[in-house]
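Enquirer: Input model.pdb, format and content: PDB, C-alpha atoms, pLDDT in the B column.
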ATOM      1  CA  MET A   1     -32.975  53.506 -54.419  1.00 58.00           C
ATOM      2  CA  SER A   2     -32.940  55.958 -57.309  1.00 63.00           C
ATOM      3  CA  LEU A   3     -35.844  56.338 -59.668  1.00 68.00           C
ATOM      4  CA  ILE A   4     -35.200  56.138 -63.387  1.00 67.00           C
ATOM      5  CA  PRO A   5     -37.804  57.754 -65.596  1.00 70.00           C
ATOM      6  CA  TRP A   6     -39.453  55.414 -68.093  1.00 70.00           C
ATOM      7  CA  ARG A   7     -38.763  56.289 -71.678  1.00 69.00           C
ATOM      8  CA  PRO A   8     -40.743  54.387 -74.357  1.00 69.00           C
ATOM      9  CA  ILE A   9     -37.865  54.658 -76.814  1.00 69.00           C
ATOM     10  CA  TRP A  10     -35.821  52.379 -74.541  1.00 65.00           C
ATOM     11  CA  ASP A  11     -38.360  49.600 -75.026  1.00 68.00           C
ATOM     12  CA  LEU A  12     -38.093  50.016 -78.782  1.00 66.00           C
ATOM     13  CA  GLU A  13     -34.295  49.951 -78.664  1.00 65.00           C
ATOM     14  CA  LYS A  14     -34.364  46.802 -76.536  1.00 63.00           C
ATOM     15  CA  TRP A  15     -36.758  45.161 -78.985  1.00 63.00           C
ATOM     16  CA  LEU A  16     -34.608  46.123 -81.971  1.00 63.00           C
ATOM     17  CA  GLU A  17     -31.513  44.651 -80.324  1.00 60.00           C
ATOM     18  CA  GLY A  18     -33.275  41.332 -79.752  1.00 59.00           C
ATOM     19  CA  ASP A  19     -33.640  38.369 -82.057  1.00 54.00           C
ATOM     20  CA  TRP A  20     -37.018  39.220 -83.558  1.00 52.00           C
ATOM     21  CA  GLU A  21     -37.609  36.963 -86.515  1.00 54.00           C
ATOM     22  CA  LEU A  22     -40.902  37.946 -88.103  1.00 53.00           C
ATOM     23  CA  PRO A  23     -43.190  35.141 -89.258  1.00 53.00           C
ATOM     24  CA  GLU A  24     -43.225  34.508 -92.983  1.00 49.00           C
ATOM     25  CA  THR A  25     -46.536  35.278 -94.624  1.00 48.00           C
ATOM     26  CA  SER A  26     -47.854  34.669 -98.096  1.00 50.00           C
ATOM     27  CA  LEU A  27     -47.368  38.386 -98.807  1.00 49.00           C
ATOM     28  CA  SER A  28     -43.700  38.164 -97.891  1.00 48.00           C
ATOM     29  CA  LYS A  29     -43.286  35.581-100.647  1.00 54.00           C
ATOM     30  CA  LEU A  30     -44.674  37.946-103.296  1.00 61.00           C
ATOM     31  CA  ARG A  31     -41.760  39.512-105.100  1.00 75.00           C
ATOM     32  CA  THR A  32     -41.799  42.747-107.036  1.00 84.00           C
ATOM     33  CA  PRO A  33     -39.010  43.322-109.533  1.00 88.00           C
ATOM     34  CA  ARG A  34     -37.000  46.531-109.397  1.00 92.00           C
ATOM     35  CA  MET A  35     -37.539  48.715-112.460  1.00 95.00           C
ATOM     36  CA  ASP A  36     -36.225  51.697-114.361  1.00 97.00           C
ATOM     37  CA  ILE A  37     -38.637  53.609-116.596  1.00 97.00           C
ATOM     38  CA  TYR A  38     -37.348  56.285-118.948  1.00 97.00           C
ATOM     39  CA  GLU A  39     -37.928  57.950-122.314  1.00 96.00           C
ATOM     40  CA  ASP A  40     -35.710  57.218-125.318  1.00 96.00           C
ATOM     41  CA  ASN A  41     -36.270  58.314-128.939  1.00 95.00           C
ATOM     42  CA  GLY A  42     -40.019  58.829-128.559  1.00 94.00           C
ATOM     43  CA  ASN A  43     -40.507  55.578-126.647  1.00 97.00           C
ATOM     44  CA  VAL A  44     -41.265  54.758-123.035  1.00 96.00           C
ATOM     45  CA  VAL A  45     -38.731  52.127-121.976  1.00 97.00           C
ATOM     46  CA  ALA A  46     -39.102  49.944-118.881  1.00 96.00           C
ATOM     47  CA  GLU A  47     -36.314  47.679-117.698  1.00 96.00           C
ATOM     48  CA  ALA A  48     -37.017  45.161-114.939  1.00 94.00           C
ATOM     49  CA  GLU A  49     -34.733  42.781-113.060  1.00 93.00           C
ATOM     50  CA  LEU A  50     -36.005  39.209-113.464  1.00 90.00           C
ATOM     51  CA  PRO A  51     -33.035  36.935-112.719  1.00 88.00           C
ATOM     52  CA  GLY A  52     -33.537  33.202-112.947  1.00 84.00           C
ATOM     53  CA  PHE A  53     -36.559  33.266-115.255  1.00 88.00           C
ATOM     54  CA  ARG A  54     -36.929  31.926-118.768  1.00 89.00           C
ATOM     55  CA  PRO A  55     -38.652  34.075-121.430  1.00 92.00           C
ATOM     56  CA  GLU A  56     -41.596  31.646-121.531  1.00 91.00           C
ATOM     57  CA  ASP A  57     -42.103  32.185-117.763  1.00 90.00           C
ATOM     58  CA  ILE A  58     -42.671  35.934-118.220  1.00 92.00           C
ATOM     59  CA  ASN A  59     -45.962  37.637-119.088  1.00 92.00           C
ATOM     60  CA  VAL A  60     -45.988  41.311-120.142  1.00 94.00           C
ATOM     61  CA  GLU A  61     -49.176  43.289-120.710  1.00 94.00           C
ATOM     62  CA  VAL A  62     -49.840  46.939-121.538  1.00 94.00           C
ATOM     63  CA  LYS A  63     -53.432  48.000-120.950  1.00 91.00           C
ATOM     64  CA  ASP A  64     -55.156  51.273-120.094  1.00 89.00           C
ATOM     65  CA  ASN A  65     -51.776  52.990-119.756  1.00 91.00           C
ATOM     66  CA  TYR A  66     -50.480  50.492-117.194  1.00 93.00           C
ATOM     67  CA  LEU A  67     -47.595  48.062-117.611  1.00 94.00           C
ATOM     68  CA  LYS A  68     -48.014  44.670-115.923  1.00 93.00           C
ATOM     69  CA  ILE A  69     -45.142  42.222-115.577  1.00 93.00           C
ATOM     70  CA  GLU A  70     -45.626  38.732-114.142  1.00 91.00           C
ATOM     71  CA  GLY A  71     -43.153  35.911-113.770  1.00 89.00           C
ATOM     72  CA  ARG A  72     -43.838  32.314-112.795  1.00 87.00           C
ATOM     73  CA  GLY A  73     -40.651  30.384-112.194  1.00 78.00           C
ATOM     74  CA  GLU A  74     -40.149  26.881-110.940  1.00 74.00           C
ATOM     75  CA  GLU A  75     -39.533  26.838-107.195  1.00 68.00           C
ATOM     76  CA  LYS A  76     -36.509  24.744-106.260  1.00 66.00           C
ATOM     77  CA  LYS A  77     -37.226  21.763-104.053  1.00 66.00           C
ATOM     78  CA  GLU A  78     -35.726  22.263-100.612  1.00 63.00           C
ATOM     79  CA  GLU A  79     -33.157  19.613 -99.875  1.00 65.00           C
ATOM     80  CA  LYS A  80     -33.802  18.209 -96.405  1.00 68.00           C
ATOM     81  CA  LYS A  81     -30.128  17.210 -96.111  1.00 68.00           C
ATOM     82  CA  LYS A  82     -29.019  20.841 -96.158  1.00 74.00           C
ATOM     83  CA  GLY A  83     -29.133  22.669 -92.858  1.00 77.00           C
ATOM     84  CA  TYR A  84     -30.170  26.144 -93.990  1.00 74.00           C
ATOM     85  CA  TYR A  85     -29.257  29.078 -91.780  1.00 77.00           C
ATOM     86  CA  ARG A  86     -31.239  31.388 -94.014  1.00 75.00           C
ATOM     87  CA  LYS A  87     -33.353  30.688 -97.117  1.00 70.00           C
ATOM     88  CA  GLU A  88     -34.389  33.854 -98.926  1.00 70.00           C
ATOM     89  CA  MET A  89     -33.996  33.036-102.606  1.00 70.00           C
ATOM     90  CA  SER A  90     -37.313  32.499-104.313  1.00 67.00           C
ATOM     91  CA  ARG A  91     -37.954  31.618-107.916  1.00 68.00           C
ATOM     92  CA  GLY A  92     -41.704  31.372-107.609  1.00 77.00           C
ATOM     93  CA  TYR A  93     -44.118  34.156-108.533  1.00 85.00           C
ATOM     94  CA  LEU A  94     -43.513  37.854-109.026  1.00 88.00           C
ATOM     95  CA  LYS A  95     -45.720  40.690-110.186  1.00 90.00           C
ATOM     96  CA  ARG A  96     -45.443  44.424-110.770  1.00 91.00           C
ATOM     97  CA  VAL A  97     -48.024  46.843-112.176  1.00 93.00           C
ATOM     98  CA  VAL A  98     -46.956  50.430-112.834  1.00 94.00           C
ATOM     99  CA  PRO A  99     -48.704  53.410-114.407  1.00 94.00           C
ATOM    100  CA  LEU A 100     -47.008  54.710-117.526  1.00 94.00           C
ATOM    101  CA  PRO A 101     -46.012  58.398-117.560  1.00 93.00           C
ATOM    102  CA  CYS A 102     -47.814  59.264-120.800  1.00 93.00           C
ATOM    103  CA  LYS A 103     -50.167  57.872-123.445  1.00 92.00           C
ATOM    104  CA  VAL A 104     -48.588  54.997-125.374  1.00 94.00           C
ATOM    105  CA  ASP A 105     -49.335  52.892-128.439  1.00 93.00           C
ATOM    106  CA  GLU A 106     -50.112  49.569-126.729  1.00 92.00           C
ATOM    107  CA  LYS A 107     -50.311  47.652-130.019  1.00 92.00           C
ATOM    108  CA  LYS A 108     -46.679  48.417-130.906  1.00 93.00           C
ATOM    109  CA  ALA A 109     -45.112  47.399-127.579  1.00 94.00           C
ATOM    110  CA  LYS A 110     -42.110  45.051-127.784  1.00 93.00           C
ATOM    111  CA  ALA A 111     -40.234  43.131-125.099  1.00 95.00           C
ATOM    112  CA  GLU A 112     -36.936  41.285-124.983  1.00 94.00           C
ATOM    113  CA  TYR A 113     -35.213  39.396-122.183  1.00 94.00           C
ATOM    114  CA  THR A 114     -31.412  39.291-121.906  1.00 93.00           C
ATOM    115  CA  ASP A 115     -29.181  38.277-118.982  1.00 92.00           C
ATOM    116  CA  GLY A 116     -31.964  38.537-116.398  1.00 90.00           C
ATOM    117  CA  ILE A 117     -33.170  41.962-117.578  1.00 93.00           C
ATOM    118  CA  LEU A 118     -36.556  42.401-119.252  1.00 95.00           C
ATOM    119  CA  LYS A 119     -36.687  45.432-121.552  1.00 95.00           C
ATOM    120  CA  VAL A 120     -40.097  46.681-122.710  1.00 95.00           C
ATOM    121  CA  VAL A 121     -40.216  49.403-125.383  1.00 96.00           C
ATOM    122  CA  ILE A 122     -43.540  51.158-126.011  1.00 96.00           C
ATOM    123  CA  PRO A 123     -43.912  54.004-128.529  1.00 96.00           C
ATOM    124  CA  LYS A 124     -45.402  57.187-127.138  1.00 95.00           C
ATOM    125  CA  LEU A 125     -48.525  58.465-128.846  1.00 91.00           C
ATOM    126  CA  LYS A 126     -48.159  61.833-130.462  1.00 82.00           C
ATOM    127  CA  GLU A 127     -50.371  64.478-128.903  1.00 71.00           C
ATOM    128  CA  LYS A 128     -52.813  64.541-131.783  1.00 64.00           C
ATOM    129  CA  GLU A 129     -53.070  60.714-131.714  1.00 60.00           C
ATOM    130  CA  ALA A 130     -53.700  60.566-127.983  1.00 57.00           C
ATOM    131  CA  LYS A 131     -57.346  60.302-127.153  1.00 60.00           C
ATOM    132  CA  LYS A 132     -58.468  63.622-125.837  1.00 59.00           C
ATOM    133  CA  GLY A 133     -61.753  64.606-124.348  1.00 61.00           C
ATOM    134  CA  ILE A 134     -64.019  66.666-126.545  1.00 59.00           C
ATOM    135  CA  LYS A 135     -66.166  69.570-125.573  1.00 63.00           C
ATOM    136  CA  ILE A 136     -69.847  68.947-126.178  1.00 65.00           C
ATOM    137  CA  LYS A 137     -72.137  71.865-126.680  1.00 64.00           C
ATOM    138  CA  VAL A 138     -75.327  71.535-124.681  1.00 66.00           C
ATOM    139  CA  LYS A 139     -78.476  72.529-126.539  1.00 62.00           C
ATOM    140  CA  SER A 140     -81.775  73.352-125.008  1.00 57.00           C
ATOM    141  CA  LYS A 141     -84.812  71.412-126.113  1.00 63.00           C
ATOM    142  CA  LYS A 142     -88.038  73.332-125.881  1.00 69.00           C
ATOM    143  CA  SER A 143     -91.053  71.425-124.756  1.00 60.00           C
TER     144      SER A 143
END
Take the structure in the file and write it out as structure tokens.

Expert:
Amino acid sequence: MSLIPWRPIWDLEKWLEGDWELPETSLSKLRTPRMDIYEDNGNVVAEAELPGFRPEDINVEVKDNYLKIEGRGEEKKEEKKKGYYRKEMSRGYLKRVVPLPCKVDEKKAKAEYTDGILKVVIPKLKEKEAKKGIKIKVKSKKS
């Protein structure tokens, strides 16, 4: 009988080759849309993929230099007659919160939704308009 050294990586390879369906959790149902964020003509522009939603299902908020996008779609009823092999499409809830790369004018933000793409345009604040910290001179008070 020959001895074969045990190598932990073999156990991992065997596990990866197996049929290892992970249980679905509530976190796995939370979707986050893919996004592009870029600068264009003095604006910060964010484009997010939100296929299958209606404009009234989408909530966009800009606050404290963060952009929050939420979508609440109507989940399709699963037809019991269909024998699904895989069911991954979800039209339920999605959320994404991202920090913006610079100071923006939240009050002038605009959003439009076309062909499953949400486009949010937010004007950048000019340097002098951006809230900056101020230096405070400390005085001594004699008692």

Enquirer: Please give the centre and size of the box around segment 59-77 of chain A (axis-aligned, containing every atom listed in the file, 4 Å added per side), with values in Å to one decimal and written as AutoDock Vina command-line options.

Expert:
--center_x -45.8 --center_y 37.4 --center_z -112.8 --size_x 26.6 --size_y 39.2 --size_z 25.5

Enquirer: Pick out the closest residue to Gly116 of chain A from this set: A:Val98, A:Val104, A:Ile58, A:Leu67. Count all atoms listed in the file.

Expert: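 That would be A:Ile58, the residue with the smallest distance to Gly116 of chain A.
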
Enquirer: Run through the PyMOL selection byres ((chain A and resi 43-54) around 9) on the given coordinates and return the selected residues as an NGL selection string.

Expert: :A and (33-42 or 55-58 or 67 or 69 or 71-74 or 91 or 94 or 100-102 or 104 or 113 or 115-125)

Enquirer: I'd like the interatomic distance between atom CA of Met89 of chain A and atom CA of Thr32 of chain A, to a tenth of an Å.

Expert: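 That distance, rounded to one decimal, is 13.2 Å.
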
Enquirer: Hey, can you check how far atom CA of Glu70 of chain A sits from atom CA of Lys95 of chain A?

Expert: 4.4 Å

Enquirer: Please, what distance in Å, to one decimal, runs between atom CA of Arg96 of chain A and atom CA of Glu112 of chain A?

Expert: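 Atom CA of Glu112 of chain A lies 16.9 Å from atom CA of Arg96 of chain A.
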